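These notes are about the structure you will find just below.
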Amino acid sequence: MEASTRILIVEDDLKIAALLKDYLIAAGYLVAHEVNGRVALEQIRKNLPDLILLDLMLPELDGISICQEVRKFSQVPIIILTAKVDEIDRLLGLETGADDYVCKPFSPREVVARTKVHLRRSSGKPLSTELPRFFIDREQLRILVDAHPLSLTPVEFRLLSEFIMHPERVFSRQQLLDFAHEDQRDINDRTVDSHIKNIRKKIQARLPGNECLHSVYGVGYRFELPL
């Protein structure tokens with residue numbers, strides 16, 4: 001199925017576009033690339049792709065405008081690629097009709113993983129939130145590693161779910177505190193570190209030799225897909 005799935009990258013940074021194209025082709029997709037926003041919109045109208053990876057800052061027509069126009073005639077999945085990290089920019093992108101966003105710099109593997117999720121959703125197939133070797137079962141609030149459930153607390157489940165959904169993304173301790181806030185209102189940085197330590201042990205018990213959760217000095221933590 002992937003061999004006939006068409007993805008359009010609309011990105012004026014040629015290095016980023018080439019990198020994404022290589023990863024997506026390796027994943028089995030047909031990939032096209034446009035630099036100019038206005039030309040890209042014309043191409044989308046003529047030959048609607050199965051998914052669009054859309055930069056915000058583009059020549060002639062910006063990504064938000066493209067997204068608005070596309071939503072007038074199609075619900076094709078749109079993932080915004082942006083270097084703008086302000087919350088208002090994120091909300092603006094999603095309110096305009098985008099399905100998701102990825103902040104630069106990003107991991108190409110994360111983009112491929114999100115692409116797969118959105119393509120499965122748009123195809124109407126049952127959607128399980130999954131990445132290689134991991135499965136998030138939100139109905140039973142559990143995470144399986146190679147089909148084996150991890151014994152996680154509610155806070156650990158929430159934290160690990162966010163990591164799995166955003167591989168390679170660096171989360172600050174404050175962001176992790178916010179994820180855990182619902183269950184524990186008196187937590188602090190040390191409590192977060194303790195949860196991360198416990199999650200690491202539980203993953204390594206199932207995947208010996210795989211260091212999935214990495215400390216990022218002075219910032220927080222990053223999740224890396226296991227081999």
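Ordering of the structure tokens sets the chain letters (A, B, ...), residue numbers begin anew at 1 in every chain, and ligands are numbered from 1 in the order given.
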
Requested in this report: Could you please write out, as a PyMOL selection string, every residue of region 18-141 of chain A that DSSP assigns to helix (DSSP H, G or I)?
Outcome: chain A and resi 18-26+37-46+63-70+87-95+108-123

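Excluding region 101-110 of chain A itself and same-chain residues fewer than 6 positions from it, the residues having an atom within 6 Å of it are Leu20, Ile79, Ile80, Leu81, Thr82, Ala83, Pro167 and Glu168 of chain A, counting only C-alpha atoms.
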
Query raised in the report: Given the choices A:Arg71, A:Lys46, A:Arg6, A:Arg138, which gets closest to Tyr29 (chain A) if the distance is worked out from only C-alpha atoms?
Result: A:Arg6

Query raised in the report: Pick from A:Ala32, A:Leu177, A:Val219, A:Leu61: nearest to Asn47 (chain A), with only C-alpha atoms counted?
Result: A:Ala32

Sorted per-residue table, region 128-157 of chain A near region 193-209 of chain A, closest atoms and distance, 10 Å, only C-alpha atoms, as a Markdown table:
| residue | atom | partner | partner_atom | distance |
| --- | --- | --- | --- | --- |
| A:Arg133 | CA | A:Leu207 | CA | 9.6 |
| A:Leu144 | CA | A:Arg206 | CA | 9.8 |
| A:Val145 | CA | A:Arg206 | CA | 6.9 |
| A:Asp146 | CA | A:Arg206 | CA | 8.1 |
| A:His148 | CA | A:Arg206 | CA | 8.0 |
| A:Pro149 | CA | A:Arg206 | CA | 9.3 |
| A:Leu150 | CA | A:Lys202 | CA | 6.7 |
| A:Ser151 | CA | A:Lys202 | CA | 7.5 |
| A:Leu152 | CA | A:Ile199 | CA | 7.7 |
| A:Thr153 | CA | A:His195 | CA | 9.1 |
| A:Val155 | CA | A:His195 | CA | 7.9 |
| A:Glu156 | CA | A:His195 | CA | 6.3 |
| A:Phe157 | CA | A:Ile199 | CA | 8.9 |

Just the selected residues (C-alpha atoms), exported as a short mmCIF file (atom, residue, chain, number, x, y, z; two decimals), in the first residue's frame, please.
data_model
loop_
_atom_site.label_atom_id
_atom_site.label_comp_id
_atom_site.auth_asym_id
_atom_site.auth_seq_id
_atom_site.Cartn_x
_atom_site.Cartn_y
_atom_site.Cartn_z
CA ARG A 133 8.22 -2.35 19.40
CA LEU A 144 3.18 -2.90 25.64
CA VAL A 145 6.77 -3.53 24.64
CA ASP A 146 7.09 -6.39 22.16
CA HIS A 148 4.41 -7.50 26.87
CA PRO A 149 2.76 -4.92 29.16
CA LEU A 150 4.90 -2.70 31.33
CA SER A 151 3.87 -2.26 34.94
CA LEU A 152 3.43 1.52 35.02
CA THR A 153 1.89 3.96 37.44
CA VAL A 155 2.03 9.17 35.92
CA GLU A 156 4.59 6.87 34.29
CA PHE A 157 2.02 5.88 31.67
#

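Taking CA of Asp55 (chain A) and CA of Phe171 (chain A) as the two end points, the separation is 22.3 Å.
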
Query - Neighbour list for Gly28 (chain A) as a PyMOL selection string, cut-off 12 Å, only C-alpha atoms, skip fewer than 2 positions in-chain - result: chain A and resi 1-7+21-26+30-31+112+115-116

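Across the structure, CA of Tyr221 (chain A) and CA of Ile136 (chain A) are spaced 19.7 Å apart.
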
Report task. Any chance you could list, as a VMD selection string, the residues in region 100-223 of chain A that come up strand (DSSP E) when DSSP is run on the backbone? Result -> chain A and resid 100 to 103 129 to 131 134 to 137 142 to 145 148 to 149 170 to 172 213 to 216 220 to 223

Saved selection, atoms kept: N, CA, C and O atoms, as a JSON list (two decimals), in the first residue's frame:
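This is the output file result.json:
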[["chain", "number", "residue", "atom", "x", "y", "z"],
["A", 100, "ASP", "N", -1.39, 18.23, 12.49],
["A", 100, "ASP", "CA", -0.28, 18.04, 13.43],
["A", 100, "ASP", "C", 0.81, 19.04, 13.08],
["A", 100, "ASP", "O", 0.75, 19.72, 12.04],
["A", 101, "TYR", "N", 1.78, 19.19, 13.94],
["A", 101, "TYR", "CA", 2.93, 20.04, 13.64],
["A", 101, "TYR", "C", 4.19, 19.40, 14.22],
["A", 101, "TYR", "O", 4.13, 18.63, 15.19],
["A", 102, "VAL", "N", 5.32, 19.69, 13.61],
["A", 102, "VAL", "CA", 6.61, 19.23, 14.10],
["A", 102, "VAL", "C", 7.53, 20.44, 14.13],
["A", 102, "VAL", "O", 7.63, 21.17, 13.14],
["A", 103, "CYS", "N", 8.17, 20.66, 15.26],
["A", 103, "CYS", "CA", 9.04, 21.83, 15.40],
["A", 103, "CYS", "C", 10.47, 21.51, 14.95],
["A", 103, "CYS", "O", 11.01, 20.45, 15.27],
["A", 129, "THR", "N", -2.07, 3.70, 18.47],
["A", 129, "THR", "CA", -0.96, 4.62, 18.57],
["A", 129, "THR", "C", 0.30, 3.78, 18.79],
["A", 129, "THR", "O", 0.54, 3.28, 19.88],
["A", 130, "GLU", "N", 1.08, 3.60, 17.74],
["A", 130, "GLU", "CA", 2.18, 2.68, 17.86],
["A", 130, "GLU", "C", 3.40, 3.15, 17.10],
["A", 130, "GLU", "O", 3.32, 3.89, 16.14],
["A", 131, "LEU", "N", 4.54, 2.70, 17.59],
["A", 131, "LEU", "CA", 5.82, 2.88, 16.95],
["A", 131, "LEU", "C", 6.53, 1.54, 17.06],
["A", 131, "LEU", "O", 6.08, 0.65, 17.78],
["A", 134, "PHE", "N", 6.67, -0.70, 20.34],
["A", 134, "PHE", "CA", 5.82, -0.13, 21.39],
["A", 134, "PHE", "C", 4.37, -0.06, 20.93],
["A", 134, "PHE", "O", 4.09, 0.18, 19.76],
["A", 135, "PHE", "N", 3.45, -0.26, 21.86],
["A", 135, "PHE", "CA", 2.03, -0.12, 21.58],
["A", 135, "PHE", "C", 1.37, 0.56, 22.77],
["A", 135, "PHE", "O", 1.49, 0.10, 23.91],
["A", 136, "ILE", "N", 0.66, 1.66, 22.51],
["A", 136, "ILE", "CA", -0.03, 2.38, 23.58],
["A", 136, "ILE", "C", -1.50, 2.00, 23.54],
["A", 136, "ILE", "O", -2.21, 2.28, 22.58],
["A", 137, "ASP", "N", -1.94, 1.34, 24.57],
["A", 137, "ASP", "CA", -3.34, 0.94, 24.71],
["A", 137, "ASP", "C", -4.01, 1.94, 25.64],
["A", 137, "ASP", "O", -3.95, 1.82, 26.87],
["A", 142, "ARG", "N", -2.33, 1.19, 29.32],
["A", 142, "ARG", "CA", -1.12, 0.40, 29.45],
["A", 142, "ARG", "C", -0.27, 0.55, 28.20],
["A", 142, "ARG", "O", -0.77, 0.92, 27.14],
["A", 143, "ILE", "N", 1.01, 0.25, 28.35],
["A", 143, "ILE", "CA", 1.95, 0.30, 27.23],
["A", 143, "ILE", "C", 2.60, -1.06, 27.11],
["A", 143, "ILE", "O", 3.10, -1.61, 28.10],
["A", 144, "LEU", "N", 2.57, -1.60, 25.89],
["A", 144, "LEU", "CA", 3.18, -2.90, 25.64],
["A", 144, "LEU", "C", 4.49, -2.71, 24.91],
["A", 144, "LEU", "O", 4.60, -1.89, 24.00],
["A", 145, "VAL", "N", 5.48, -3.49, 25.31],
["A", 145, "VAL", "CA", 6.77, -3.53, 24.64],
["A", 145, "VAL", "C", 6.96, -4.94, 24.11],
["A", 145, "VAL", "O", 6.97, -5.90, 24.89],
["A", 148, "HIS", "N", 4.43, -7.28, 25.42],
["A", 148, "HIS", "CA", 4.41, -7.50, 26.87],
["A", 148, "HIS", "C", 4.11, -6.18, 27.59],
["A", 148, "HIS", "O", 4.78, -5.18, 27.37],
["A", 149, "PRO", "N", 3.11, -6.17, 28.48],
["A", 149, "PRO", "CA", 2.76, -4.92, 29.16],
["A", 149, "PRO", "C", 3.81, -4.53, 30.21],
["A", 149, "PRO", "O", 4.37, -5.38, 30.90],
["A", 170, "VAL", "N", 13.07, 16.75, 22.58],
["A", 170, "VAL", "CA", 13.56, 17.02, 23.93],
["A", 170, "VAL", "C", 12.45, 17.69, 24.74],
["A", 170, "VAL", "O", 11.91, 18.72, 24.33],
["A", 171, "PHE", "N", 12.10, 17.08, 25.86],
["A", 171, "PHE", "CA", 11.11, 17.65, 26.76],
["A", 171, "PHE", "C", 11.81, 18.27, 27.96],
["A", 171, "PHE", "O", 12.67, 17.64, 28.58],
["A", 172, "SER", "N", 11.43, 19.48, 28.29],
["A", 172, "SER", "CA", 11.98, 20.11, 29.48],
["A", 172, "SER", "C", 11.34, 19.49, 30.72],
["A", 172, "SER", "O", 10.28, 18.86, 30.65],
["A", 213, "LEU", "N", 15.63, 6.29, 27.03],
["A", 213, "LEU", "CA", 15.45, 7.62, 27.61],
["A", 213, "LEU", "C", 16.79, 8.23, 27.95],
["A", 213, "LEU", "O", 17.56, 7.68, 28.74],
["A", 214, "HIS", "N", 17.07, 9.35, 27.33],
["A", 214, "HIS", "CA", 18.38, 10.00, 27.49],
["A", 214, "HIS", "C", 18.23, 11.35, 28.19],
["A", 214, "HIS", "O", 17.31, 12.12, 27.89],
["A", 215, "SER", "N", 19.14, 11.63, 29.10],
["A", 215, "SER", "CA", 19.18, 12.94, 29.74],
["A", 215, "SER", "C", 19.81, 13.95, 28.79],
["A", 215, "SER", "O", 20.79, 13.64, 28.11],
["A", 216, "VAL", "N", 19.22, 15.12, 28.72],
["A", 216, "VAL", "CA", 19.77, 16.23, 27.93],
["A", 216, "VAL", "C", 20.21, 17.28, 28.94],
["A", 216, "VAL", "O", 19.37, 17.92, 29.60],
["A", 220, "GLY", "N", 16.34, 18.53, 29.93],
["A", 220, "GLY", "CA", 15.37, 17.53, 30.35],
["A", 220, "GLY", "C", 15.70, 16.16, 29.81],
["A", 220, "GLY", "O", 16.80, 15.66, 30.01],
["A", 221, "TYR", "N", 14.76, 15.58, 29.04],
["A", 221, "TYR", "CA", 14.93, 14.20, 28.58],
["A", 221, "TYR", "C", 14.45, 14.05, 27.13],
["A", 221, "TYR", "O", 13.60, 14.80, 26.65],
["A", 222, "ARG", "N", 15.01, 13.03, 26.47],
["A", 222, "ARG", "CA", 14.68, 12.73, 25.08],
["A", 222, "ARG", "C", 14.49, 11.21, 24.95],
["A", 222, "ARG", "O", 15.24, 10.43, 25.53],
["A", 223, "PHE", "N", 13.48, 10.80, 24.17],
["A", 223, "PHE", "CA", 13.21, 9.38, 23.93],
["A", 223, "PHE", "C", 13.71, 8.99, 22.56],
["A", 223, "PHE", "O", 13.46, 9.66, 21.57]]

Requested in this report: Record the distance separating CA of Val111 (chain A) and CA of Arg169 (chain A), expressed in Å with one decimal.
Outcome: 11.0 Å

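Remark: for Ile78 (chain A), the closest of the candidate residues A:Leu141, A:Ala27, A:Met57, A:Val10 is A:Val10 (distances computed over only C-alpha atoms).
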